[in-house]
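**Student:** My structure file entry.cif, mmCIF, C-alpha atoms, is below:
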```cif
data_entry
#
loop_
_atom_site.label_atom_id
_atom_site.label_comp_id
_atom_site.auth_asym_id
_atom_site.auth_seq_id
_atom_site.Cartn_x
_atom_site.Cartn_y
_atom_site.Cartn_z
CA MET A 1 25.00 -65.29 113.50
CA ALA A 2 27.88 -65.35 110.99
CA HIS A 3 28.97 -62.40 108.88
CA LEU A 4 29.84 -63.24 105.27
CA LEU A 5 31.76 -61.10 102.81
CA MET A 6 30.17 -61.36 99.33
CA ILE A 7 32.21 -60.13 96.37
CA GLU A 8 30.00 -59.32 93.36
CA SER A 9 27.10 -61.50 92.15
CA TRP A 10 25.22 -62.62 89.10
CA VAL A 11 22.36 -60.24 88.33
CA GLY A 12 19.79 -62.88 87.35
CA GLY A 13 19.10 -66.50 88.19
CA THR A 14 20.94 -67.70 91.29
CA GLY A 15 22.10 -64.14 91.92
CA ARG A 16 18.53 -63.24 92.89
CA ILE A 17 17.83 -66.14 95.25
CA PHE A 18 21.22 -66.48 96.94
CA PRO A 19 21.15 -63.19 98.94
CA PRO A 20 17.89 -63.87 100.83
CA ALA A 21 19.11 -67.42 101.54
CA ILE A 22 21.89 -65.97 103.70
CA GLY A 23 19.37 -64.14 105.88
CA ARG A 24 17.06 -67.15 106.01
CA LEU A 25 19.88 -69.12 107.67
CA GLY A 26 20.23 -66.38 110.26
CA HIS A 27 23.42 -64.90 108.82
CA ARG A 28 24.23 -61.45 107.44
CA TYR A 29 26.57 -60.26 104.72
CA THR A 30 28.50 -57.28 103.45
CA PHE A 31 28.34 -56.87 99.68
CA VAL A 32 31.31 -55.47 97.79
CA THR A 33 31.00 -54.25 94.18
CA ARG A 34 32.81 -52.03 91.75
CA ASN A 35 29.55 -50.73 90.26
CA ARG A 36 26.23 -50.62 92.11
CA GLY A 37 24.55 -49.58 88.87
CA HIS A 38 25.27 -53.02 87.43
CA TYR A 39 22.55 -54.37 89.74
CA LEU A 40 19.92 -51.80 88.80
CA ASP A 41 17.08 -52.79 86.46
CA ALA A 42 16.75 -49.80 84.16
CA ARG A 43 13.10 -50.63 83.42
CA SER A 44 11.64 -51.37 86.84
CA ARG A 45 14.18 -49.43 88.93
CA GLU A 46 13.72 -52.12 91.58
CA ILE A 47 16.35 -52.67 94.25
CA HIS A 48 18.23 -55.87 93.39
CA PRO A 49 18.06 -58.57 96.12
CA VAL A 50 21.84 -58.51 96.55
CA ILE A 51 21.62 -54.82 97.55
CA GLU A 52 18.31 -55.11 99.41
CA HIS A 53 19.43 -57.90 101.76
CA ALA A 54 22.96 -56.65 102.45
CA GLU A 55 23.82 -55.25 105.86
CA HIS A 56 26.54 -53.11 104.27
CA VAL A 57 27.28 -52.27 100.63
CA LEU A 58 30.85 -51.22 99.89
CA THR A 59 31.97 -49.81 96.56
CA THR A 60 35.57 -50.36 95.50
CA GLU A 61 37.50 -51.70 92.51
CA THR A 62 36.95 -55.46 92.70
CA ASN A 63 39.03 -56.10 89.57
CA ASP A 64 42.26 -54.91 91.22
CA VAL A 65 42.85 -57.85 93.53
CA PRO A 66 45.91 -56.55 95.46
CA ALA A 67 44.17 -53.22 96.17
CA LEU A 68 40.93 -55.06 97.00
CA ILE A 69 42.74 -57.23 99.53
CA GLU A 70 44.18 -54.21 101.31
CA PHE A 71 40.79 -52.48 101.31
CA LEU A 72 39.06 -55.56 102.71
CA ARG A 73 41.80 -56.15 105.27
CA ALA A 74 40.93 -52.78 106.77
CA GLN A 75 37.18 -53.54 106.58
CA HIS A 76 37.73 -56.96 108.18
CA ALA A 77 39.40 -55.32 111.16
CA ILE A 78 36.18 -53.38 111.76
CA LEU A 79 33.38 -55.64 110.50
CA LYS A 80 34.87 -59.06 111.40
CA PHE A 81 34.01 -61.35 108.50
CA ASP A 82 33.57 -65.11 109.04
CA GLY A 83 33.90 -66.28 105.43
CA VAL A 84 34.07 -65.11 101.81
CA VAL A 85 31.67 -66.02 99.01
CA THR A 86 30.46 -65.12 95.53
CA ILE A 87 27.87 -66.53 93.17
CA CYS A 88 29.50 -65.03 90.04
CA ASP A 89 31.99 -67.08 88.01
CA TYR A 90 34.15 -64.07 87.20
CA TYR A 91 34.98 -63.48 90.88
CA ILE A 92 35.61 -67.03 92.08
CA ASP A 93 39.38 -66.58 91.65
CA THR A 94 39.15 -63.25 93.48
CA VAL A 95 37.30 -64.81 96.43
CA ALA A 96 39.94 -67.54 96.71
CA GLN A 97 42.74 -64.95 96.85
CA VAL A 98 40.91 -62.69 99.31
CA ALA A 99 40.08 -65.61 101.61
CA GLN A 100 43.69 -66.78 101.63
CA ALA A 101 45.00 -63.29 102.32
CA LEU A 102 42.57 -62.67 105.20
CA GLY A 103 42.82 -66.19 106.61
CA LEU A 104 39.10 -66.86 106.13
CA PRO A 105 37.19 -69.94 104.92
CA GLN A 106 35.54 -69.89 101.49
CA ALA A 107 33.38 -72.15 99.35
CA PHE A 108 35.87 -73.12 96.64
CA SER A 109 38.65 -75.66 96.25
CA ALA A 110 42.34 -74.91 96.66
CA ASN A 111 42.76 -75.45 92.91
CA VAL A 112 39.80 -73.35 91.78
CA VAL A 113 41.90 -71.08 89.51
CA MET A 114 42.64 -74.08 87.29
CA GLU A 115 39.06 -75.34 87.45
CA ARG A 116 37.84 -72.03 86.03
CA ARG A 117 40.06 -72.43 82.94
CA LYS A 118 38.39 -74.66 80.35
CA ASP A 119 41.70 -75.37 78.60
CA GLN A 120 43.46 -76.46 81.79
CA VAL A 121 40.55 -78.74 82.72
CA ARG A 122 40.82 -80.42 79.30
CA GLU A 123 44.55 -80.93 79.82
CA ALA A 124 44.05 -82.35 83.33
CA ILE A 125 41.46 -84.85 82.05
CA GLU A 126 43.90 -85.89 79.32
CA ARG A 127 46.74 -86.39 81.82
CA ALA A 128 44.45 -88.54 83.99
CA GLY A 129 43.77 -90.88 81.06
CA LEU A 130 40.02 -90.25 81.14
CA PRO A 131 37.91 -90.20 77.95
CA ASN A 132 38.34 -86.86 76.22
CA PRO A 133 37.41 -85.38 72.84
CA LYS A 134 40.15 -84.20 70.51
CA PHE A 135 41.07 -80.63 71.45
CA ALA A 136 43.62 -77.88 70.99
CA VAL A 137 44.53 -74.64 72.77
CA THR A 138 45.61 -71.89 70.39
CA ALA A 139 46.70 -68.25 70.44
CA SER A 140 47.30 -67.20 66.81
CA TRP A 141 45.20 -67.48 63.68
CA ASP A 142 47.71 -69.72 61.91
CA GLU A 143 47.80 -72.08 64.87
CA THR A 144 44.01 -72.05 65.14
CA ARG A 145 43.55 -72.87 61.46
CA ARG A 146 46.13 -75.67 61.58
CA GLU A 147 44.68 -77.29 64.71
CA ALA A 148 41.14 -77.04 63.33
CA GLN A 149 42.25 -79.02 60.28
CA ARG A 150 43.76 -81.66 62.56
CA ILE A 151 40.60 -81.98 64.69
CA GLY A 152 38.27 -81.79 61.71
CA TYR A 153 35.02 -79.92 61.07
CA PRO A 154 32.49 -79.47 62.55
CA LEU A 155 34.08 -78.42 65.82
CA ILE A 156 33.35 -76.25 68.84
CA VAL A 157 35.11 -72.95 69.55
CA LYS A 158 35.22 -71.70 73.15
CA PRO A 159 36.96 -68.89 74.99
CA THR A 160 38.87 -70.44 77.88
CA ASP A 161 37.58 -68.17 80.65
CA LEU A 162 34.08 -66.87 79.91
CA ALA A 163 30.72 -68.05 81.31
CA SER A 164 27.06 -68.39 80.26
CA SER A 165 28.04 -69.98 76.91
CA ALA A 166 29.31 -66.62 75.67
CA PHE A 167 31.13 -66.91 72.31
CA VAL A 168 30.71 -70.70 72.29
CA ARG A 169 29.90 -71.68 68.72
CA LEU A 170 29.58 -74.66 66.41
CA ILE A 171 31.96 -74.15 63.48
CA HIS A 172 31.47 -75.85 60.10
CA ASP A 173 34.34 -74.45 58.02
CA GLU A 174 37.36 -72.16 57.98
CA GLY A 175 35.26 -69.11 57.13
CA GLU A 176 33.15 -69.50 60.26
CA LEU A 177 36.29 -70.24 62.26
CA ARG A 178 37.84 -66.95 61.13
CA GLN A 179 34.68 -65.06 62.10
CA SER A 180 34.71 -66.60 65.57
CA PHE A 181 38.44 -66.00 66.03
CA ASP A 182 38.09 -62.34 65.00
CA ALA A 183 35.08 -61.82 67.29
CA LEU A 184 37.10 -62.97 70.30
CA GLU A 185 40.12 -60.93 69.22
CA GLN A 186 37.85 -57.88 69.38
CA PHE A 187 36.66 -58.82 72.89
CA PRO A 188 39.82 -58.50 75.00
CA ARG A 189 37.93 -57.90 78.27
CA ASN A 190 35.06 -59.91 79.70
CA PHE A 191 31.60 -58.73 80.72
CA ARG A 192 32.95 -57.51 84.08
CA ASP A 193 35.79 -55.53 82.43
CA GLN A 194 38.49 -58.03 83.39
CA ALA A 195 41.29 -58.87 80.96
CA ARG A 196 40.58 -62.15 79.18
CA VAL A 197 43.09 -64.95 78.75
CA PRO A 198 44.00 -64.57 75.03
CA LEU A 199 43.58 -68.25 74.23
CA LEU A 200 41.06 -70.24 72.23
CA LEU A 201 39.87 -73.78 72.95
CA LEU A 202 38.97 -75.94 69.95
CA GLU A 203 37.11 -79.16 70.61
CA GLU A 204 35.84 -82.04 68.56
CA TYR A 205 32.07 -81.69 68.18
CA MET A 206 30.45 -84.24 70.48
CA LEU A 207 27.02 -85.31 69.26
CA GLY A 208 24.50 -86.30 71.92
CA GLU A 209 22.27 -85.10 74.73
CA GLU A 210 23.81 -83.04 77.53
CA VAL A 211 23.35 -83.43 81.27
CA SER A 212 25.04 -81.99 84.34
CA VAL A 213 26.13 -83.69 87.54
CA GLU A 214 25.51 -81.75 90.73
CA ALA A 215 27.89 -82.68 93.56
CA CYS A 216 29.35 -81.39 96.80
CA THR A 217 32.88 -82.03 98.06
CA TYR A 218 33.84 -81.54 101.70
CA ARG A 219 37.34 -82.32 102.99
CA GLY A 220 38.11 -84.27 99.82
CA ARG A 221 34.98 -86.46 99.90
CA THR A 222 32.51 -85.97 97.04
CA THR A 223 28.77 -86.62 97.35
CA VAL A 224 26.80 -86.73 94.08
CA ILE A 225 23.41 -85.06 94.56
CA GLY A 226 22.03 -86.10 91.18
CA ILE A 227 21.96 -85.49 87.44
CA THR A 228 20.11 -82.66 85.68
CA ASP A 229 19.17 -82.72 82.02
CA LYS A 230 19.46 -79.79 79.62
CA SER A 231 17.86 -78.61 76.40
CA VAL A 232 19.74 -76.32 74.04
CA THR A 233 18.55 -74.01 71.28
CA GLY A 234 19.91 -71.24 69.02
CA PHE A 235 22.38 -73.14 66.84
CA PRO A 236 25.13 -72.37 65.86
CA TYR A 237 25.14 -70.84 69.34
CA PHE A 238 24.47 -72.92 72.46
CA ILE A 239 21.70 -71.32 74.50
CA GLU A 240 20.44 -73.37 77.44
CA ASP A 241 16.66 -73.06 77.37
CA GLY A 242 15.59 -75.69 79.88
CA HIS A 243 16.53 -78.13 82.65
CA MET A 244 14.88 -80.98 84.54
CA PHE A 245 15.94 -82.70 87.75
CA PRO A 246 16.38 -85.60 87.85
CA ALA A 247 17.27 -86.48 84.28
CA LYS A 248 15.60 -89.43 82.53
CA LEU A 249 18.50 -91.91 82.42
CA ASP A 250 19.11 -95.63 82.50
CA PRO A 251 20.65 -96.55 85.90
CA ALA A 252 23.77 -98.01 84.28
CA GLN A 253 24.22 -94.87 82.23
CA ALA A 254 23.82 -92.70 85.32
CA THR A 255 26.47 -94.75 87.14
CA ALA A 256 28.93 -94.32 84.26
CA ILE A 257 28.31 -90.57 84.16
CA GLU A 258 28.85 -90.17 87.90
CA ALA A 259 32.05 -92.25 87.81
CA LEU A 260 33.50 -90.13 85.00
CA VAL A 261 32.65 -86.89 86.82
CA CYS A 262 34.18 -88.06 90.10
CA GLY A 263 37.34 -89.00 88.19
CA ALA A 264 37.45 -85.61 86.48
CA LEU A 265 36.96 -83.74 89.76
CA GLU A 266 39.87 -85.67 91.24
CA ALA A 267 41.97 -84.95 88.14
CA VAL A 268 41.57 -81.18 88.53
CA GLY A 269 42.15 -81.26 92.29
CA HIS A 270 38.63 -80.35 93.34
CA ASP A 271 38.81 -80.90 97.12
CA HIS A 272 36.16 -78.50 98.47
CA GLY A 273 32.96 -76.95 97.25
CA ILE A 274 29.91 -77.57 95.10
CA SER A 275 30.46 -78.55 91.48
CA HIS A 276 28.24 -78.42 88.40
CA THR A 277 29.88 -80.62 85.76
CA GLU A 278 28.44 -80.70 82.25
CA VAL A 279 28.58 -84.01 80.40
CA LYS A 280 27.82 -84.98 76.80
CA LEU A 281 26.24 -88.39 76.21
CA THR A 282 28.00 -89.53 73.04
CA ALA A 283 27.69 -92.81 71.17
CA ASN A 284 31.07 -93.76 72.67
CA GLY A 285 30.03 -93.01 76.23
CA PRO A 286 29.92 -89.91 78.45
CA ARG A 287 32.45 -87.11 77.91
CA ILE A 288 33.13 -84.05 80.08
CA VAL A 289 32.10 -80.72 78.56
CA GLU A 290 33.31 -78.50 81.41
CA ILE A 291 33.54 -78.29 85.19
CA ASN A 292 31.99 -75.36 87.04
CA PRO A 293 33.17 -75.10 90.67
CA ARG A 294 29.92 -73.66 92.02
CA PRO A 295 26.18 -74.44 92.11
CA GLY A 296 24.53 -74.74 88.71
CA GLY A 297 22.91 -71.56 87.46
CA ASN A 298 19.52 -71.13 85.79
CA TYR A 299 17.71 -71.99 89.06
CA ILE A 300 18.98 -75.60 89.03
CA ALA A 301 19.42 -75.30 92.81
CA GLU A 302 15.68 -74.61 93.10
CA LEU A 303 14.81 -77.69 91.03
CA ILE A 304 17.00 -79.87 93.25
CA GLN A 305 15.44 -78.51 96.42
CA ARG A 306 11.91 -79.08 95.14
CA VAL A 307 12.70 -82.76 94.53
CA THR A 308 15.19 -83.70 97.26
CA GLY A 309 14.78 -81.09 99.97
CA ILE A 310 18.52 -80.42 99.70
CA ASP A 311 19.28 -76.70 99.42
CA LEU A 312 22.54 -76.22 97.50
CA LEU A 313 22.54 -72.52 98.27
CA ASP A 314 22.46 -73.32 101.98
CA ALA A 315 25.29 -75.75 101.34
CA GLN A 316 27.28 -73.05 99.53
CA ILE A 317 26.86 -70.74 102.52
CA GLU A 318 27.93 -73.42 105.00
CA LEU A 319 30.98 -74.28 102.91
CA ALA A 320 31.93 -70.59 102.80
CA LEU A 321 31.93 -70.66 106.60
CA GLY A 322 34.08 -73.80 106.69
CA ARG A 323 31.22 -76.01 107.86
CA GLU A 324 29.99 -79.37 106.56
CA PRO A 325 26.64 -78.89 104.79
CA ASP A 326 23.56 -81.02 105.39
CA LEU A 327 22.97 -83.18 102.29
CA THR A 328 20.22 -85.36 103.78
CA ARG A 329 17.38 -86.06 101.35
CA LYS A 330 13.88 -85.26 102.59
CA PRO A 331 10.44 -86.23 101.26
CA THR A 332 8.95 -83.40 99.21
CA GLY A 333 6.09 -85.00 97.29
CA VAL A 334 7.75 -83.95 94.02
CA ALA A 335 9.22 -86.54 91.64
CA SER A 336 10.67 -84.11 89.09
CA ALA A 337 11.00 -80.35 88.62
CA ALA A 338 11.83 -78.41 85.48
CA ILE A 339 12.46 -74.90 84.24
CA LYS A 340 11.89 -73.60 80.72
CA PHE A 341 13.26 -70.24 79.57
CA LEU A 342 11.61 -67.91 77.09
CA VAL A 343 14.20 -67.37 74.34
CA PRO A 344 13.14 -64.93 71.62
CA PRO A 345 13.09 -66.49 68.14
CA ARG A 346 14.96 -63.44 66.84
CA GLY A 347 15.77 -59.84 67.66
CA GLY A 348 13.33 -57.05 66.89
CA HIS A 349 10.50 -54.90 68.23
CA VAL A 350 7.96 -56.95 70.21
CA ALA A 351 4.51 -55.42 69.79
CA THR A 352 2.43 -57.76 71.98
CA VAL A 353 2.74 -60.95 74.01
CA ASP A 354 -0.08 -63.52 74.14
CA GLY A 355 -0.70 -66.42 76.49
CA VAL A 356 0.71 -65.04 79.73
CA ALA A 357 -2.61 -65.31 81.62
CA SER A 358 -2.69 -69.08 81.01
CA LEU A 359 0.34 -69.54 83.26
CA GLU A 360 -1.69 -68.52 86.31
CA THR A 361 -4.21 -71.33 85.84
CA ASP A 362 -1.82 -74.16 84.90
CA PRO A 363 -1.74 -76.59 87.88
CA ALA A 364 1.76 -77.87 87.00
CA VAL A 365 3.30 -74.38 87.03
CA GLN A 366 4.71 -73.51 90.45
CA ARG A 367 5.89 -70.05 89.53
CA TRP A 368 6.74 -67.96 86.50
CA SER A 369 8.47 -64.70 85.62
CA LEU A 370 8.34 -62.68 82.41
CA SER A 371 9.98 -59.38 81.55
CA SER A 372 7.86 -56.41 80.48
CA ILE A 373 8.76 -56.80 76.82
CA ALA A 374 5.63 -55.68 74.96
CA GLY A 375 6.50 -52.50 73.10
CA SER A 376 10.26 -52.95 73.47
CA GLU A 377 13.26 -54.07 71.46
CA VAL A 378 14.76 -57.48 72.17
CA ALA A 379 18.26 -58.52 71.13
CA ALA A 380 19.00 -61.45 68.85
CA PRO A 381 19.57 -64.66 70.86
CA ILE A 382 23.28 -65.60 70.95
CA ASP A 383 23.88 -66.72 74.56
CA ASN A 384 22.16 -67.26 77.92
CA ALA A 385 21.83 -63.52 78.49
CA CYS A 386 18.88 -63.42 76.06
CA TYR A 387 16.22 -64.85 78.41
CA LEU A 388 12.95 -62.95 78.56
CA GLY A 389 11.42 -65.05 81.32
CA HIS A 390 10.83 -68.58 82.56
CA VAL A 391 8.37 -71.04 84.08
CA VAL A 392 9.01 -73.67 86.78
CA ALA A 393 6.83 -76.79 86.69
CA VAL A 394 6.71 -79.99 88.76
CA ASP A 395 5.43 -83.53 88.44
CA SER A 396 4.47 -85.25 91.69
CA GLU A 397 4.44 -88.76 90.22
CA GLY A 398 7.06 -89.12 87.49
CA LEU A 399 9.51 -87.47 85.12
CA GLU A 400 7.13 -85.31 83.08
CA ALA A 401 7.99 -81.92 84.61
CA ARG A 402 9.93 -80.90 81.48
CA ALA A 403 6.94 -81.65 79.25
CA TYR A 404 4.69 -79.63 81.56
CA ALA A 405 7.05 -76.63 81.52
CA GLU A 406 7.44 -76.75 77.74
CA ARG A 407 3.69 -76.99 77.24
CA ALA A 408 3.07 -74.01 79.53
CA LEU A 409 5.66 -71.73 77.95
CA GLY A 410 4.63 -72.85 74.48
CA ARG A 411 1.40 -70.90 74.97
CA VAL A 412 3.38 -67.65 75.38
CA VAL A 413 3.80 -66.12 71.92
CA LEU A 414 5.73 -62.98 70.91
CA HIS A 415 4.28 -60.87 68.10
CA TYR A 416 6.78 -58.61 66.35
CA ALA A 417 5.91 -55.20 64.97
CA GLU A 418 7.53 -55.81 61.60
CA ALA A 419 7.58 -58.81 59.29
CA VAL A 420 10.70 -60.93 59.03
CA ALA A 421 12.74 -59.94 55.98
CA ALA A 422 12.71 -62.53 53.18
#
```
Can you turn what I pasted into structure tokens?

**Tutor:**
Amino acid sequence: MAHLLMIESWVGGTGRIFPPAIGRLGHRYTFVTRNRGHYLDARSREIHPVIEHAEHVLTTETNDVPALIEFLRAQHAILKFDGVVTICDYYIDTVAQVAQALGLPQAFSANVVMERRKDQVREAIERAGLPNPKFAVTASWDETRREAQRIGYPLIVKPTDLASSAFVRLIHDEGELRQSFDALEQFPRNFRDQARVPLLLLEEYMLGEEVSVEACTYRGRTTVIGITDKSVTGFPYFIEDGHMFPAKLDPAQATAIEALVCGALEAVGHDHGISHTEVKLTANGPRIVEINPRPGGNYIAELIQRVTGIDLLDAQIELALGREPDLTRKPTGVASAAIKFLVPPRGGHVATVDGVASLETDPAVQRWSLSSIAGSEVAAPIDNACYLGHVVAVDSEGLEARAYAERALGRVVLHYAEAVAA
């Protein structure tokens, strides 16, 4: 039995299914957080899985890396950790530094600090001579305005170091650009109270469907698990509201996508760990959107397991222990699996919710989860934090799981207490 050190976690999605996976493999973990209350559901008061399944829960300042290392060095002398892991983007850099300081294995590449920076990934792809959209990295308003004129509208604005599509926006003109620039200027610290890199990434708007390539790299050798599709809603924001694995793609197109991703991973020095690389399918061919050096969120790992039998969370755990993961495909009787998220059409007071009972009797729905939202206020949808629930559906014969999931969730209707203003 191995003993893992887990530093922080996502609250939803993969953050809920990763903790019990550690115990299922026969391992245990110590969880370290700066704020236990962050993992408390104010409505249900339930114990979050990351707390429930932990052997020890330690509270210390995880945002002060030098102090954290000294604290964990003392804990390691007593508890004897075998590896370090996180499932939260904002602590990947921290895990890499802690693992190096304590001489422990971990699930990320030696160059993960660069991989987490969207601007540095763009620059590495450019240096490698791979296809890339026009882009610019800016710090001041004058520079941002000038580079936007060079790239041309519409364009995409991104912070260089946030996650979950936060503050990512489609910009049509200089007025919208100023609004986006000012919004980020007024957000100097991220959602985990860490100082943000004060840079902005401007990118040419790439028109086309988006997919992601799920892969695992061990000792410099990359194995592509497959390609997941994605649906997006909420323009001008980019809210991911659904995924299906595998994506419906022409074989030649899939080959081109995988080749581009493998080239990009090599360009950024990704030599160890799972990767979730987002790709836009433009009229001129595939283009990298961003590289995420960890398993895909939004339960993508579950979709992959339902179809292939490969458990990417198990693989993440094995990698964190310095072991080669088992990526052998197994028969599952499922041809495709999909998830569809309930995104509110707007903010407001939800009076009632109809259609929930129909999810129980839908044969394609494997499981579903909905928040207790009737009688409560919901925020306006601007990023992936707006989800109110989801359904997971499968197709045993073909690639219709997405259609099944969309049909099921389409029967769930929110009724607001007040009329929409004209």

**Student:** Identify which of the residues A:Ser369, A:Val356, A:Thr332, A:Pro131 lies closest to Gly285 in chain A, counting only C-alpha atoms when measuring atom-to-atom distances.

**Tutor:**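 When distances to Gly285 in chain A are compared using only C-alpha atoms, the smallest one comes from A:Pro131.
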
**Student:** Excluding range 79-84 of chain A and residues on its chain fewer than 2 positions from it, collect all residues at most 7 Å away from it, counting only C-alpha atoms, and give them as a PyMOL selection string.

**Tutor:** chain A and resi 2-6+75-77+95+99+104-106+320-321

**Student:** Mind checking which residues fall within 8 Å of Cys216 in chain A, counting only C-alpha atoms, ignoring those fewer than 3 positions away in the same chain, and posting them as a list of chain:residue names?

**Tutor:** A:Thr222, A:Thr223, A:Val224, A:Ile225, A:His272, A:Gly273, A:Ile274, A:Ser275

**Student:** Nearest residue to Gly355 in chain A out of A:Gly410, A:Pro49, A:Pro293, A:Pro154, using all atoms listed in the file?

**Tutor:** A:Gly410

**Student:** Between A:His56, A:Arg150, A:Arg367, A:Arg189, single out the one closest to Leu162 in chain A, counting all atoms listed in the file.

**Tutor:**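 Smallest distance to Leu162 in chain A is found for A:Arg189.
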
**Student:** Of the residues A:Ala364, A:Leu260, A:Leu342, A:Ala357, which is the one nearest to Val378 in chain A, using all atoms listed in the file?

**Tutor:** A:Leu342

**Student:** Find the residue from A:Glu302, A:Glu266, A:Glu185, A:Asp229 that sits nearest to Leu130 in chain A; use all atoms listed in the file when measuring.

**Tutor:**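 Smallest distance to Leu130 in chain A is found for A:Glu266.
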
**Student:** For each of A:Arg411, A:His270, A:Arg28, A:Lys134, take the minimum atom-to-atom distance to Asn111 in chain A, counting all atoms listed in the file, then give the residue where this is smallest.

**Tutor:**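 Of all the options, A:His270 lies closest to Asn111 in chain A.
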
**Student:** As a check of understanding, name the residues that the PyMOL selection byres ((chain A and resi 258) around 12) selects in the supplied structure, as a PyMOL selection string.

**Tutor:** chain A and resi 211-215+222-228+249+251-257+259-265+276-279+286-288

**Student:** Would you output that residue set with C-alpha atoms, as a CSV table (one decimal), in the coordinates of the input?

**Tutor:**
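Contents of selection.csv, as written:
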```
chain,number,residue,atom,x,y,z
A,211,VAL,CA,23.4,-83.4,81.3
A,212,SER,CA,25.0,-82.0,84.3
A,213,VAL,CA,26.1,-83.7,87.5
A,214,GLU,CA,25.5,-81.8,90.7
A,215,ALA,CA,27.9,-82.7,93.6
A,222,THR,CA,32.5,-86.0,97.0
A,223,THR,CA,28.8,-86.6,97.4
A,224,VAL,CA,26.8,-86.7,94.1
A,225,ILE,CA,23.4,-85.1,94.6
A,226,GLY,CA,22.0,-86.1,91.2
A,227,ILE,CA,22.0,-85.5,87.4
A,228,THR,CA,20.1,-82.7,85.7
A,249,LEU,CA,18.5,-91.9,82.4
A,251,PRO,CA,20.6,-96.6,85.9
A,252,ALA,CA,23.8,-98.0,84.3
A,253,GLN,CA,24.2,-94.9,82.2
A,254,ALA,CA,23.8,-92.7,85.3
A,255,THR,CA,26.5,-94.8,87.1
A,256,ALA,CA,28.9,-94.3,84.3
A,257,ILE,CA,28.3,-90.6,84.2
A,259,ALA,CA,32.0,-92.2,87.8
A,260,LEU,CA,33.5,-90.1,85.0
A,261,VAL,CA,32.6,-86.9,86.8
A,262,CYS,CA,34.2,-88.1,90.1
A,263,GLY,CA,37.3,-89.0,88.2
A,264,ALA,CA,37.4,-85.6,86.5
A,265,LEU,CA,37.0,-83.7,89.8
A,276,HIS,CA,28.2,-78.4,88.4
A,277,THR,CA,29.9,-80.6,85.8
A,278,GLU,CA,28.4,-80.7,82.2
A,279,VAL,CA,28.6,-84.0,80.4
A,286,PRO,CA,29.9,-89.9,78.4
A,287,ARG,CA,32.4,-87.1,77.9
A,288,ILE,CA,33.1,-84.0,80.1
```

**Student:** Apply the PyMOL selection byres ((chain A and resi 379) around 10) to the structure shown and report the selected residues as a PyMOL selection string.

**Tutor:** chain A and resi 344-349+377-378+380-382+385-387

**Student:** Please report the interatomic distance between CA of Val57 in chain A and CA of Asn292 in chain A in Å with one decimal.

**Tutor:**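 Distance reported for this atom pair: 27.2 Å.
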
**Student:** Can you tell me how far CA of Thr33 in chain A sits from CA of Asn63 in chain A, in Å to one decimal?

**Tutor:**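 Straight-line distance from CA of Thr33 in chain A to CA of Asn63 in chain A works out to 9.4 Å.
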
**Student:** Quick one: apply the PyMOL selection byres ((chain A and resi 392-408) around 7) to the file and drop the selected residues here as a count of residues only.

**Tutor:** 21
